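Presented below is the structure to which this report refers.
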Amino acid sequence: TESFIKSVHCDILFFSASGISDTGEITDVSEDEINIRRLMMKQAKKSVFLCDKTKIGVVSAFKLCDKEDIDMIICDEEIQFKEEER
């Protein structure tokens with residue numbers, strides 16, 4: 001799979017995951033799928049996260065990326081992000 005993905009280039013990658021936290025961390029339940037998505041994101045000019053309101057505030061086991069690592073979020077409800085505490 002990785003070899004094939006490395007041979008493909010695309011303008012826009014549309015992807016989804018299990019959830020997006022209130023600080024903008026995008027996570028999923030499958031480590032294998034996370035690694036494939038990361039590689040696909042590297043091969044795309046732009047990455048767009050597709051999300052419905054049931055995924056807002058959901059944090060799963062594996063981090064894919066932060067909202068700053070992608071170009072756009074498309075959701076059926078506005079997402080209000082909190083500032084990350086340090």
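Letters A, B, ... mark the chains of the structure tokens in the order given; residue numbers begin at 1 per chain; ligand numbers begin at 1, in order shown.
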Determine, counting only C-alpha atoms, which protein, DNA and RNA residues have an atom within 10 Å of an atom of Gln80 of chain A; residues of the same chain fewer than 2 positions away are not included. Present the result as a list in words.
Ser21, Asp22, Thr23, Gly24, Ile56, Gly57, Glu77, Glu78, Lys82 and Glu83 of chain A
Quick one: everything within 10 Å of Asp69 of chain A, counting only C-alpha atoms, minus sequence neighbours fewer than 3 positions away in the same chain. Send it as a PyMOL selection string.
chain A and resi 24-26+41+46-47+64-66+72
Of A:Thr27, A:Gln43, A:Ser60, A:Thr54, the one nearest to Cys75 of chain A when counting only C-alpha atoms is A:Thr54
With only C-alpha atoms as the counted atoms, please give the residues lying no more than 9 Å from Glu31 of chain A, apart from itself and same-chain residues fewer than 2 positions off, as number ranges by chain.
A: 28-29, 33-36, 61-64
Find the residue from A:Ser30, A:Ile20, A:Leu39, A:Asp71 that sits nearest to Ser3 of chain A; use only C-alpha atoms when measuring.
A:Leu39
Near Phe15 of chain A, within 7 Å and counting only C-alpha atoms, which residues show up once chain neighbours fewer than 2 positions away are dropped, as a PyMOL selection string?
chain A and resi 13+48-50
Nearest to Lys42 of chain A, restricted to only C-alpha atoms and choosing among A:Ile79, A:Val59, A:Ile5, A:Ile73, comes out as A:Ile5
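Note that atom CA of Lys53 of chain A and atom CA of Phe81 of chain A are 13.4 Å apart.
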Determine which residues of chain A receive a DSSP assignment of alpha helix (DSSP H), computed from the backbone, and state them as JSON, numbers by chain.
{"A": [2, 3, 4, 5, 6, 31, 32, 33, 34, 35, 36, 37, 38, 39, 40, 41, 42, 43]}
